[in-house]
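Just data05.tsv here, TSV, C-alpha atoms and all ligand atoms:
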```tsv
chain	number	residue	atom	x	y	z
A	18	MET	CA	8.38	-51.82	-14.10
A	19	ASP	CA	7.67	-52.52	-10.51
A	20	GLN	CA	10.57	-51.03	-8.65
A	21	GLU	CA	11.60	-48.30	-6.29
A	22	ALA	CA	14.63	-46.09	-6.77
A	23	PRO	CA	17.56	-48.40	-7.42
A	24	SER	CA	19.72	-48.93	-4.37
A	25	THR	CA	22.78	-48.07	-6.43
A	26	ALA	CA	21.54	-44.52	-7.08
A	27	ASP	CA	23.94	-41.78	-6.17
A	28	PRO	CA	22.07	-39.70	-3.57
A	29	ASN	CA	23.94	-36.57	-4.58
A	30	LYS	CA	22.89	-36.81	-8.16
A	31	ASP	CA	19.42	-35.77	-9.22
A	32	ASP	CA	18.79	-38.83	-11.30
A	33	GLY	CA	15.14	-39.41	-12.06
A	34	GLY	CA	16.16	-42.08	-14.57
A	35	GLY	CA	15.28	-45.60	-13.49
A	36	LEU	CA	12.70	-44.32	-11.03
A	37	ASP	CA	9.58	-45.59	-12.70
A	38	VAL	CA	6.71	-45.52	-10.27
A	39	THR	CA	4.29	-47.25	-12.57
A	40	GLU	CA	2.23	-49.44	-10.31
A	41	GLY	CA	-0.56	-48.80	-7.83
A	42	PRO	CA	-0.34	-49.65	-4.13
A	43	ARG	CA	2.05	-52.41	-3.21
A	44	SER	CA	2.30	-54.21	0.07
A	45	ASN	CA	6.04	-54.74	-0.09
A	46	HIS	CA	7.20	-51.16	0.27
A	47	ASN	CA	10.80	-51.38	1.34
A	48	THR	CA	12.13	-47.89	1.88
A	49	GLU	CA	15.44	-49.21	3.23
A	50	SER	CA	16.61	-50.60	-0.08
A	51	SER	CA	14.83	-48.05	-2.27
A	52	SER	CA	17.19	-45.11	-2.06
A	53	ASN	CA	19.37	-43.17	0.29
A	54	LEU	CA	16.85	-40.39	-0.12
A	55	VAL	CA	14.29	-41.85	2.25
A	56	ILE	CA	11.66	-39.15	2.03
A	57	ARG	CA	8.99	-41.46	3.49
A	58	ASP	CA	10.85	-41.35	6.74
A	59	GLU	CA	9.07	-38.90	9.03
A	60	LEU	CA	12.19	-36.97	9.94
A	61	ASN	CA	13.00	-36.42	6.30
A	62	LEU	CA	9.43	-35.44	5.48
A	63	LYS	CA	9.74	-32.85	8.21
A	64	GLU	CA	13.04	-31.63	6.83
A	65	PHE	CA	11.53	-31.39	3.38
A	66	ALA	CA	8.49	-29.48	4.69
A	67	MET	CA	10.80	-27.11	6.57
A	68	ARG	CA	12.85	-26.48	3.44
A	69	LEU	CA	9.72	-25.27	1.63
A	70	LEU	CA	8.07	-23.54	4.60
A	71	SER	CA	11.21	-21.48	5.25
A	72	PHE	CA	11.35	-20.12	1.69
A	73	PRO	CA	11.20	-16.28	1.75
A	74	VAL	CA	7.73	-15.02	0.72
A	75	ASP	CA	9.28	-12.09	-1.17
A	76	ASP	CA	11.74	-14.10	-3.28
A	77	PHE	CA	10.12	-14.10	-6.72
A	78	VAL	CA	13.31	-15.11	-8.54
A	79	ASN	CA	14.63	-18.32	-6.98
A	80	HIS	CA	13.00	-21.63	-6.16
A	81	PRO	CA	13.57	-23.83	-3.12
A	82	LYS	CA	15.62	-26.90	-4.04
A	83	VAL	CA	13.31	-29.72	-5.14
A	84	THR	CA	14.72	-32.56	-7.22
A	85	ALA	CA	12.99	-34.83	-9.73
A	86	GLN	CA	13.80	-37.79	-7.54
A	87	GLU	CA	12.19	-36.17	-4.51
A	88	CYS	CA	9.04	-35.53	-6.56
A	89	LEU	CA	8.83	-39.17	-7.63
A	90	VAL	CA	9.42	-40.56	-4.17
A	91	LEU	CA	6.98	-38.16	-2.52
A	92	CYS	CA	4.28	-38.76	-5.17
A	93	HIS	CA	4.54	-42.49	-4.66
A	94	ALA	CA	4.45	-42.14	-0.88
A	95	ALA	CA	1.39	-39.88	-1.16
A	96	LEU	CA	-0.33	-42.37	-3.47
A	97	MET	CA	0.32	-45.15	-0.95
A	98	TYR	CA	-0.90	-42.96	1.88
A	99	MET	CA	-4.13	-41.94	0.14
A	100	SER	CA	-4.93	-45.48	-0.99
A	101	ARG	CA	-4.60	-46.76	2.57
A	102	HIS	CA	-5.85	-43.90	4.70
A	103	THR	CA	-8.38	-41.80	2.76
A	104	ASN	CA	-11.89	-42.24	1.38
A	105	PRO	CA	-13.21	-40.43	-1.70
A	106	CYS	CA	-15.46	-38.45	0.70
A	107	LEU	CA	-13.65	-37.21	3.81
A	108	ARG	CA	-15.06	-36.40	7.23
A	109	VAL	CA	-13.37	-33.29	8.64
A	110	SER	CA	-13.95	-31.83	12.09
A	111	THR	CA	-13.92	-28.20	13.22
A	112	PRO	CA	-12.15	-25.85	13.65
A	113	VAL	CA	-10.82	-25.80	10.10
A	114	ASN	CA	-9.70	-23.29	7.46
A	115	ILE	CA	-11.13	-24.01	4.01
A	116	VAL	CA	-8.78	-22.98	1.18
A	117	GLY	CA	-9.84	-22.60	-2.46
A	118	ASP	CA	-7.78	-22.56	-5.65
A	119	ILE	CA	-4.04	-21.83	-5.23
A	120	HIS	CA	-2.91	-22.39	-8.85
A	121	GLY	CA	0.83	-22.50	-8.32
A	122	GLN	CA	0.98	-19.32	-6.19
A	123	PHE	CA	3.37	-20.74	-3.60
A	124	HIS	CA	4.20	-17.37	-2.02
A	125	ASP	CA	0.54	-16.77	-1.26
A	126	LEU	CA	0.17	-20.25	0.25
A	127	LEU	CA	3.04	-19.35	2.61
A	128	ARG	CA	1.33	-16.03	3.40
A	129	TYR	CA	-1.82	-17.92	4.53
A	130	PHE	CA	0.30	-20.12	6.79
A	131	ASP	CA	1.99	-16.98	8.19
A	132	GLY	CA	-1.37	-15.36	8.91
A	133	LEU	CA	-3.46	-18.32	10.05
A	134	GLY	CA	-0.84	-20.66	11.54
A	135	GLN	CA	1.02	-23.69	10.24
A	136	PRO	CA	-0.16	-27.30	10.46
A	137	PRO	CA	-0.44	-29.23	12.72
A	138	ALA	CA	-1.41	-26.37	15.10
A	139	THR	CA	-3.94	-25.14	12.52
A	140	ARG	CA	-6.19	-27.45	10.48
A	141	TYR	CA	-6.73	-26.96	6.72
A	142	LEU	CA	-9.03	-28.39	4.09
A	143	PHE	CA	-7.89	-27.58	0.53
A	144	LEU	CA	-10.46	-27.67	-2.28
A	145	GLY	CA	-8.10	-28.50	-5.18
A	146	ASP	CA	-6.61	-26.67	-8.18
A	147	TYR	CA	-3.13	-26.56	-6.63
A	148	ILE	CA	-1.36	-26.43	-9.99
A	149	ASP	CA	-1.33	-24.63	-13.38
A	150	ARG	CA	-1.24	-20.88	-14.19
A	151	GLY	CA	1.37	-20.09	-11.50
A	152	LYS	CA	5.00	-21.17	-12.00
A	153	TYR	CA	5.50	-22.53	-8.46
A	154	SER	CA	3.05	-25.43	-8.88
A	155	ILE	CA	5.74	-27.99	-7.98
A	156	GLU	CA	6.34	-26.30	-4.62
A	157	VAL	CA	2.62	-25.94	-3.83
A	158	MET	CA	1.83	-29.58	-4.65
A	159	MET	CA	4.91	-31.03	-2.96
A	160	LEU	CA	4.45	-29.04	0.25
A	161	LEU	CA	0.76	-29.93	0.54
A	162	LEU	CA	1.27	-33.65	-0.17
A	163	CYS	CA	4.09	-33.67	2.37
A	164	LEU	CA	2.00	-31.92	5.05
A	165	MET	CA	-0.97	-34.24	4.37
A	166	MET	CA	1.20	-37.25	5.22
A	167	LEU	CA	2.93	-35.61	8.17
A	168	TYR	CA	-0.26	-34.29	9.77
A	169	PRO	CA	-3.22	-36.47	8.74
A	170	ASP	CA	-5.55	-34.80	11.23
A	171	SER	CA	-4.57	-31.26	10.16
A	172	VAL	CA	-4.19	-31.25	6.38
A	173	TYR	CA	-6.89	-32.59	4.01
A	174	LEU	CA	-6.63	-32.36	0.22
A	175	LEU	CA	-9.42	-32.64	-2.35
A	176	ARG	CA	-8.98	-33.02	-6.08
A	177	GLY	CA	-9.60	-30.08	-8.42
A	178	ASN	CA	-10.35	-30.28	-12.12
A	179	HIS	CA	-6.75	-29.20	-12.84
A	180	GLU	CA	-5.39	-32.28	-11.07
A	181	ALA	CA	-6.11	-34.33	-14.18
A	182	ALA	CA	-4.08	-35.29	-17.24
A	183	ASN	CA	-6.28	-33.59	-19.84
A	184	VAL	CA	-6.07	-30.23	-18.02
A	185	CYS	CA	-2.59	-29.93	-16.50
A	186	LEU	CA	-0.91	-30.79	-19.79
A	187	ARG	CA	-2.37	-27.57	-21.21
A	188	TYR	CA	-2.23	-24.90	-18.52
A	189	GLY	CA	1.35	-24.84	-17.29
A	190	PHE	CA	2.15	-27.76	-14.99
A	191	LYS	CA	3.68	-29.92	-17.72
A	192	ASP	CA	5.75	-26.96	-18.97
A	193	GLU	CA	6.93	-26.22	-15.43
A	194	LEU	CA	8.11	-29.81	-14.94
A	195	TYR	CA	9.89	-29.82	-18.33
A	196	GLN	CA	11.52	-26.47	-17.66
A	197	ARG	CA	12.73	-27.42	-14.19
A	198	PHE	CA	13.79	-31.03	-14.77
A	199	GLY	CA	14.32	-31.30	-18.53
A	200	GLU	CA	12.06	-33.24	-20.85
A	201	GLU	CA	13.30	-36.73	-20.02
A	202	LYS	CA	12.97	-36.46	-16.26
A	203	GLY	CA	10.05	-34.04	-16.53
A	204	ILE	CA	7.81	-36.59	-18.19
A	205	GLN	CA	8.62	-39.20	-15.55
A	206	VAL	CA	7.80	-36.76	-12.79
A	207	LEU	CA	4.58	-35.77	-14.59
A	208	ARG	CA	3.54	-39.43	-14.68
A	209	GLY	CA	4.27	-39.70	-10.97
A	210	PHE	CA	2.08	-36.70	-10.18
A	211	LEU	CA	-0.76	-37.88	-12.46
A	212	ARG	CA	-0.79	-41.27	-10.76
A	213	CYS	CA	-0.89	-39.57	-7.39
A	214	PHE	CA	-3.76	-37.24	-8.46
A	215	GLN	CA	-5.86	-40.31	-9.30
A	216	TRP	CA	-6.14	-41.01	-5.57
A	217	LEU	CA	-7.10	-37.53	-4.33
A	218	PRO	CA	-10.44	-37.46	-2.47
A	219	LEU	CA	-13.31	-35.66	-4.22
A	220	SER	CA	-15.47	-34.26	-1.45
A	221	ALA	CA	-15.67	-33.69	2.29
A	222	VAL	CA	-18.28	-33.12	4.96
A	223	VAL	CA	-17.15	-30.64	7.61
A	224	GLY	CA	-18.68	-30.97	11.09
A	225	ARG	CA	-21.67	-32.81	9.55
A	226	GLN	CA	-22.96	-29.39	8.39
A	227	ILE	CA	-20.96	-28.29	5.34
A	228	PHE	CA	-20.50	-30.19	2.09
A	229	CYS	CA	-17.24	-29.32	0.30
A	230	CYS	CA	-15.94	-30.09	-3.17
A	231	HIS	CA	-14.02	-28.27	-5.91
A	232	GLY	CA	-16.83	-27.59	-8.42
A	233	GLY	CA	-20.34	-28.27	-7.20
A	234	ILE	CA	-23.29	-30.56	-6.71
A	235	SER	CA	-24.66	-33.10	-9.19
A	236	PRO	CA	-28.09	-33.89	-10.67
A	237	SER	CA	-27.00	-37.52	-10.14
A	238	PHE	CA	-27.74	-37.03	-6.43
A	239	SER	CA	-31.43	-37.55	-7.26
A	240	LEU	CA	-30.68	-40.93	-8.88
A	241	PRO	CA	-29.54	-44.28	-7.45
A	242	PRO	CA	-27.35	-44.95	-5.50
A	243	PHE	CA	-28.06	-41.54	-3.90
A	244	LEU	CA	-31.87	-41.62	-4.23
A	245	ASP	CA	-33.62	-41.39	-0.83
A	246	CYS	CA	-30.26	-41.36	0.96
A	247	ASP	CA	-29.50	-39.36	4.10
A	248	GLN	CA	-26.05	-37.92	4.82
A	249	ASP	CA	-24.44	-41.14	6.01
A	250	ALA	CA	-25.81	-43.15	3.10
A	251	CYS	CA	-24.74	-40.44	0.61
A	252	VAL	CA	-21.22	-40.45	2.02
A	253	GLU	CA	-21.20	-44.24	1.82
A	254	ALA	CA	-22.35	-44.08	-1.82
A	255	LEU	CA	-19.62	-41.52	-2.63
A	256	ASN	CA	-17.09	-43.78	-0.93
A	257	SER	CA	-18.07	-46.76	-3.05
A	258	MET	CA	-16.30	-45.31	-6.10
A	259	ASP	CA	-13.24	-47.09	-7.42
A	260	ARG	CA	-9.88	-45.38	-7.36
A	261	PRO	CA	-7.53	-44.75	-9.17
A	262	TYR	CA	-9.45	-42.96	-11.90
A	263	GLU	CA	-9.26	-40.11	-14.40
A	264	PRO	CA	-12.21	-37.68	-14.18
A	265	PRO	CA	-15.05	-38.77	-16.49
A	266	GLN	CA	-16.87	-36.43	-18.91
A	267	PHE	CA	-20.20	-36.73	-17.08
A	268	GLY	CA	-21.74	-38.05	-13.88
A	269	VAL	CA	-21.29	-37.28	-10.21
A	270	HIS	CA	-17.49	-37.27	-10.23
A	271	CYS	CA	-17.39	-34.88	-13.17
A	272	ASP	CA	-19.90	-32.54	-11.49
A	273	LEU	CA	-18.06	-32.48	-8.15
A	274	LEU	CA	-15.01	-31.22	-10.08
A	275	TRP	CA	-16.66	-28.95	-12.67
A	276	ALA	CA	-20.17	-27.67	-11.73
A	277	ASP	CA	-20.88	-23.99	-11.02
A	278	PRO	CA	-23.70	-22.21	-9.17
A	279	GLN	CA	-25.96	-20.00	-11.27
A	280	HIS	CA	-27.18	-16.87	-9.55
A	281	ASN	CA	-29.90	-15.87	-12.02
A	282	VAL	CA	-33.00	-17.89	-12.84
A	283	ILE	CA	-32.29	-20.29	-15.69
A	284	TYR	CA	-34.86	-20.63	-18.46
A	285	ASP	CA	-35.17	-23.41	-20.99
A	286	HIS	CA	-34.54	-21.98	-24.47
A	287	PHE	CA	-36.44	-24.78	-26.18
A	288	GLN	CA	-39.80	-23.03	-26.31
A	289	ILE	CA	-42.38	-25.15	-28.12
A	290	THR	CA	-45.30	-23.57	-26.32
A	291	GLY	CA	-43.84	-20.08	-26.31
A	292	GLU	CA	-43.70	-20.17	-22.52
A	293	LYS	CA	-40.41	-19.91	-20.72
A	294	THR	CA	-39.69	-22.88	-18.47
A	295	LYS	CA	-37.57	-22.40	-15.40
A	296	ILE	CA	-34.97	-25.12	-15.06
A	297	ASN	CA	-32.67	-26.04	-12.18
A	298	TRP	CA	-29.77	-27.47	-14.15
A	299	ALA	CA	-28.36	-25.86	-17.29
A	300	PRO	CA	-25.43	-26.61	-19.56
A	301	THR	CA	-22.28	-24.54	-19.01
A	302	LYS	CA	-19.73	-22.92	-21.31
A	303	ARG	CA	-17.01	-25.08	-19.72
A	304	GLY	CA	-18.06	-27.96	-21.99
A	305	CYS	CA	-18.98	-30.43	-19.27
A	306	SER	CA	-21.18	-30.58	-16.16
A	307	PHE	CA	-23.88	-28.05	-15.20
A	308	LEU	CA	-24.92	-24.76	-13.70
A	309	PHE	CA	-27.11	-25.41	-10.65
A	310	SER	CA	-29.90	-23.19	-9.35
A	311	SER	CA	-30.85	-22.26	-5.82
A	312	GLU	CA	-33.68	-24.83	-5.89
A	313	ALA	CA	-31.31	-27.56	-7.10
A	314	LEU	CA	-28.91	-26.68	-4.30
A	315	ASP	CA	-31.59	-26.60	-1.60
A	316	SER	CA	-32.81	-30.09	-2.41
A	317	VAL	CA	-29.25	-31.46	-2.20
A	318	LEU	CA	-28.62	-29.59	1.06
A	319	GLN	CA	-31.77	-31.13	2.50
A	320	GLN	CA	-30.80	-34.60	1.29
A	321	PHE	CA	-27.32	-34.34	2.84
A	322	GLY	CA	-28.67	-32.63	5.98
A	323	VAL	CA	-26.13	-29.79	5.63
A	324	SER	CA	-26.49	-25.99	5.68
A	325	PHE	CA	-23.94	-25.02	3.02
A	326	VAL	CA	-21.89	-26.06	0.06
A	327	VAL	CA	-18.38	-24.59	0.08
A	328	ARG	CA	-16.48	-24.87	-3.20
A	329	GLY	CA	-13.74	-23.16	-5.25
A	330	HIS	CA	-13.34	-23.23	-9.02
A	331	GLN	CA	-14.32	-19.62	-9.89
A	332	VAL	CA	-12.38	-16.38	-9.48
A	333	ALA	CA	-14.07	-14.07	-6.97
A	334	LYS	CA	-13.19	-10.38	-6.79
A	335	GLU	CA	-13.13	-10.33	-2.98
A	336	GLY	CA	-11.64	-13.83	-2.73
A	337	PHE	CA	-15.03	-15.22	-1.81
A	338	HIS	CA	-18.59	-15.07	-3.12
A	339	VAL	CA	-21.69	-15.98	-1.13
A	340	LEU	CA	-24.72	-16.75	-3.28
A	341	LEU	CA	-27.87	-18.85	-3.78
A	342	ASN	CA	-29.62	-17.49	-0.67
A	343	ARG	CA	-26.29	-17.59	1.18
A	344	HIS	CA	-26.21	-21.40	0.92
A	345	CYS	CA	-23.32	-21.62	-1.54
A	346	VAL	CA	-19.89	-20.18	-0.73
A	347	THR	CA	-17.17	-19.87	-3.37
A	348	VAL	CA	-13.67	-19.59	-1.88
A	349	PHE	CA	-10.87	-18.55	-4.23
A	350	SER	CA	-7.44	-18.30	-2.63
A	351	ALA	CA	-5.13	-17.10	-5.42
A	352	PRO	CA	-4.85	-13.27	-5.11
A	353	GLY	CA	-3.97	-11.51	-8.37
A	354	TYR	CA	-4.90	-14.75	-10.11
A	355	SER	CA	-2.77	-15.68	-13.08
A	356	GLY	CA	-1.17	-12.20	-13.16
A	357	THR	CA	-4.19	-11.03	-15.14
A	358	HIS	CA	-6.72	-10.36	-12.35
A	359	ASP	CA	-6.66	-7.94	-9.42
A	360	ASN	CA	-8.80	-10.14	-7.17
A	361	ASN	CA	-8.20	-10.78	-3.49
A	362	GLY	CA	-7.63	-14.28	-2.20
A	363	ALA	CA	-9.58	-15.63	0.77
A	364	VAL	CA	-9.75	-18.54	3.19
A	365	LEU	CA	-12.95	-19.47	5.06
A	366	GLN	CA	-12.35	-19.93	8.79
A	367	ILE	CA	-14.76	-22.36	10.45
A	368	GLU	CA	-14.76	-22.18	14.24
A	369	LYS	CA	-14.89	-25.12	16.59
A	370	GLY	CA	-18.29	-26.52	17.47
A	371	LYS	CA	-21.73	-26.04	16.00
A	372	ILE	CA	-21.83	-24.09	12.76
A	373	ASN	CA	-24.24	-21.16	12.48
A	374	PRO	CA	-26.65	-22.12	9.66
A	375	ARG	CA	-26.86	-18.46	8.61
A	376	LYS	CA	-23.12	-17.73	8.59
A	377	PRO	CA	-20.54	-20.51	8.35
A	378	GLY	CA	-17.51	-18.47	9.40
A	379	ALA	CA	-15.23	-15.50	8.77
A	380	PHE	CA	-13.03	-14.85	5.77
A	381	TYR	CA	-9.28	-14.27	6.02
A	382	VAL	CA	-8.43	-12.09	3.02
A	383	LEU	CA	-5.10	-11.54	1.22
A	384	LYS	CA	-4.65	-8.67	-1.21
A	385	PRO	CA	-2.42	-9.26	-4.25
A	386	VAL	CA	1.21	-8.14	-3.84
A	387	PRO	CA	1.73	-5.27	-6.34
A	388	ASN	CA	4.45	-5.21	-9.01
A	389	LYS	CA	5.38	-8.85	-8.90
A	390	PRO	CA	7.55	-10.04	-11.83
A	391	PHE	CA	4.86	-11.57	-14.05
A	392	ASP	CA	7.21	-13.65	-16.20
A	393	ASN	CA	8.78	-15.38	-13.18
A	394	LEU	CA	5.44	-16.20	-11.63
A	395	PHE	CA	2.87	-16.98	-14.30
A	396	TRP	CA	2.48	-18.84	-17.57
A	397	LYS	CA	1.03	-16.70	-20.33
A	398	GLY	CA	-2.29	-17.56	-21.94
A	401	MN	MN	-11.25	-25.39	-11.07
```
Once you've parsed the file, please lay out its structure as C-alpha cells.
Ligand SMILES: [Mn+2]
Amino acid sequence: MDQEAPSTADPNKDDGGGLDVTEGPRSNHNTESSSNLVIRDELNLKEFAMRLLSFPVDDFVNHPKVTAQECLVLCHAALMYMSRHTNPCLRVSTPVNIVGDIHGQFHDLLRYFDGLGQPPATRYLFLGDYIDRGKYSIEVMMLLLCLMMLYPDSVYLLRGNHEAANVCLRYGFKDELYQRFGEEKGIQVLRGFLRCFQWLPLSAVVGRQIFCCHGGISPSFSLPPFLDCDQDACVEALNSMDRPYEPPQFGVHCDLLWADPQHNVIYDHFQITGEKTKINWAPTKRGCSFLFSSEALDSVLQQFGVSFVVRGHQVAKEGFHVLLNRHCVTVFSAPGYSGTHDNNGAVLQIEKGKINPRKPGAFYVLKPVPNKPFDNLFWKG
C-alpha cells in the first residue's frame, strides 16, 4: 500500500490502522492531505520535541504521550530525511559530544542534555543502540529522530547492531511497542521503525581525525574497494553502499556494527608447528564479526589518516574505556545498564578545532541513579 495517513482520520483518535508506510522514498509527499497530525511540519516537530524534552527526569512511572500514529508519521519522515540528506558515512565537524549506547534509558538521555546543553546549541553524534533493554526505547528513538530532522547540523545518528530486525525483536523493543500500542498497532509501528533503521548511517569521520562507528573496524578495509585508499577514497567507498538494507552476517557493514577491540595479544589456536602465531583478527563469542588487535587498528588508522576510533557497543565500568595504545575509545552512555550493572555512563566531549592526537577530549560522566524501580525501567533477561 502506497499511502499516507488517510485524510479522513480522526486526529483525536490514536488510530494506527490504515497507516501503512510500506514503501521507500517517494517524491510525491503531500503532508497536507496526509493527516491533521502534520508532524513533518517544523512547528509540530518542535512541539513534539518539547513534549519529550520537558518530561521530568525523576518520573519513573509515567511516560510522555506518544501515539502509534505519531511514531509512524515520524518514522516515515525520518526515512525520507535520511534518504535525501545523509550518506552512509557522515562528516561531522567539531565541537561535538559523542554519545554511546543509550538502550532505552530516556531519563539518562535527558540528564546528558541537562548537563551538556540541548541541540541546536550543542552538537551531538550518537553511536547507535538507542533501543532494547530499557523500557523507554520509544521515547529515546522518537526524540533523537525528531532532533535529527529539526537540527541537521547539531544531531547526527549512526546505526547500532540493535537497530535491526533480528536483534530488536528479541531484546525488548518489540515487547515495548506491543505493550504500549497493543499487538495490532504495535506491529505496524515496529515495521515503521525497522524501515527507518534501514537508512541510518553506519559511520562518521569527526574533524577529519576521528573515525566513529558502533562496533569497530573491518578486515575488509585491506581489500577492494578500500585497498590503497586514503581517507576521502575510503569515505567514498563507504558511501557507495546501497540503502535500505538489513545488516549482513559478514563484511564491512557487519563489522562496523559488531566488531570489538581485543586488548590482549591474540594467538592462533591451530598449532601445526607447535608455535603460537600472533593474529590481528580473531573470531568473537558474539557469533559474527571479529576482535581486532592494536596492529590491525593502527593500519586502519593510518589508511584513514585519523588518530582514533571512537565506538560504543561494550559496557564500560567508568562509562568509557581507552585501549589499544590509547587509539581506541569505547563510549558507553547507559549508566546502571539494564538494571543489572553498576557502571557509569559517559559522553566524549570533543572541543572545537584541531584534535590532540594523544587525547581526543574529556569525558562527561553520569553515575547511575540509585533505587530506581527496575520493573518500570528494564526488560528482564
Ligand atoms: Mn551494540
Within 9 Å of ligand MN 401 (chain A), which residues of chain A show up? Give each one with its shortest atom-to-atom distance in Å (one decimal) and the two atoms involved, counting only C-alpha atoms and all ligand atoms, rows by chain then rising residue number, as a tab-separated table.
```
residue	atom	partner	partner_atom	distance
A:Asp118	CA	A:MN401	MN	7.0
A:Gly145	CA	A:MN401	MN	7.4
A:Asp146	CA	A:MN401	MN	5.6
A:Gly177	CA	A:MN401	MN	5.6
A:Asn178	CA	A:MN401	MN	5.1
A:His179	CA	A:MN401	MN	6.2
A:His231	CA	A:MN401	MN	6.5
A:Gly232	CA	A:MN401	MN	6.6
A:Leu274	CA	A:MN401	MN	7.0
A:Trp275	CA	A:MN401	MN	6.7
A:Gly329	CA	A:MN401	MN	6.7
A:His330	CA	A:MN401	MN	3.6
A:Gln331	CA	A:MN401	MN	6.6
```
Counting all atoms listed in the file, the option among A:Met159, A:Leu127, A:Leu255, A:Val323 closest to Lys371 (chain A): A:Val323
Separation of CA of Asp272 (chain A) from CA of Asn297 (chain A) in Å: 14.3 Å
Nearby residues (only C-alpha atoms) at most 8 Å from Ala313 (chain A), same-chain spacing under 2 positions excluded, as JSON, numbers by chain: {"A": [236, 297, 298, 309, 310, 311, 315, 316, 317]}
Contact residues around Met67 (chain A) with only C-alpha atoms at 12 Å, ignoring same-chain residues under 4 positions, as a PyMOL selection string: chain A and resi 60-63+71-73+81-82+127+135-136+159-160+163-164+167
Residues within 8 Å of region 340-345 of chain A, all atoms listed in the file, excluding chain neighbours under 6 positions, as JSON, numbers by chain: {"A": [278, 279, 280, 310, 311, 314, 315, 324, 325, 326, 327, 328, 375]}
Test item: residues at most 9 Å from Lys152 (chain A), only C-alpha atoms, excluding those fewer than 3 positions along its chain, as a PyMOL selection string: chain A and resi 120-123+148-149+155+189-190+193+392-396
Save out the residues we just selected, C-alpha atoms, as a PDB file, in the coordinates of the input.
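Writing the result to selection.pdb gives the following:
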```pdb
ATOM      1  CA  HIS A 120      -2.910 -22.390  -8.850  1.00  0.00           C
ATOM      2  CA  GLY A 121       0.830 -22.500  -8.320  1.00  0.00           C
ATOM      3  CA  GLN A 122       0.980 -19.320  -6.190  1.00  0.00           C
ATOM      4  CA  PHE A 123       3.370 -20.740  -3.600  1.00  0.00           C
ATOM      5  CA  ILE A 148      -1.360 -26.430  -9.990  1.00  0.00           C
ATOM      6  CA  ASP A 149      -1.330 -24.630 -13.380  1.00  0.00           C
ATOM      7  CA  ILE A 155       5.740 -27.990  -7.980  1.00  0.00           C
ATOM      8  CA  GLY A 189       1.350 -24.840 -17.290  1.00  0.00           C
ATOM      9  CA  PHE A 190       2.150 -27.760 -14.990  1.00  0.00           C
ATOM     10  CA  GLU A 193       6.930 -26.220 -15.430  1.00  0.00           C
ATOM     11  CA  ASP A 392       7.210 -13.650 -16.200  1.00  0.00           C
ATOM     12  CA  ASN A 393       8.780 -15.380 -13.180  1.00  0.00           C
ATOM     13  CA  LEU A 394       5.440 -16.200 -11.630  1.00  0.00           C
ATOM     14  CA  PHE A 395       2.870 -16.980 -14.300  1.00  0.00           C
ATOM     15  CA  TRP A 396       2.480 -18.840 -17.570  1.00  0.00           C
TER      16      TRP A 396
END
```
Distance query 12 Å from (-28.5, -42.5, -1.3) using only C-alpha atoms, result as number ranges by chain: A: 237-257, 317, 320-321
Nearest candidate to Ala351 (chain A) (options A:Gly291, A:Pro385, A:Pro265, A:Pro377; using only C-alpha atoms): A:Pro385
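Taking only C-alpha atoms into account, Leu174 (chain A) lies nearest to A:Asn104 out of the set A:Asn281, A:Gln226, A:Asn104, A:Gln86.
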CA of Phe267 (chain A) to CA of Phe307 (chain A), straight-line distance in Å: 9.6 Å
Point-to-point distance in Å for CA of Arg140 (chain A) and CA of Gly378 (chain A): 14.5 Å
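Of the residues listed (A:Asp76, A:Glu87, A:Glu156, A:Glu368), A:Glu368 shows the shortest atom-to-atom separation from Ser110 (chain A); distances use all atoms listed in the file.
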Nearest residue to Ile372 (chain A) from the set A:Gln205, A:Thr84, A:Ser235, A:Thr111 (distances using all atoms listed in the file): A:Thr111
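Comparing A:Arg101, A:Arg225, A:Lys202, A:His270 by their smallest distance to Arg176 (chain A), the closest is A:His270 (using all atoms listed in the file).
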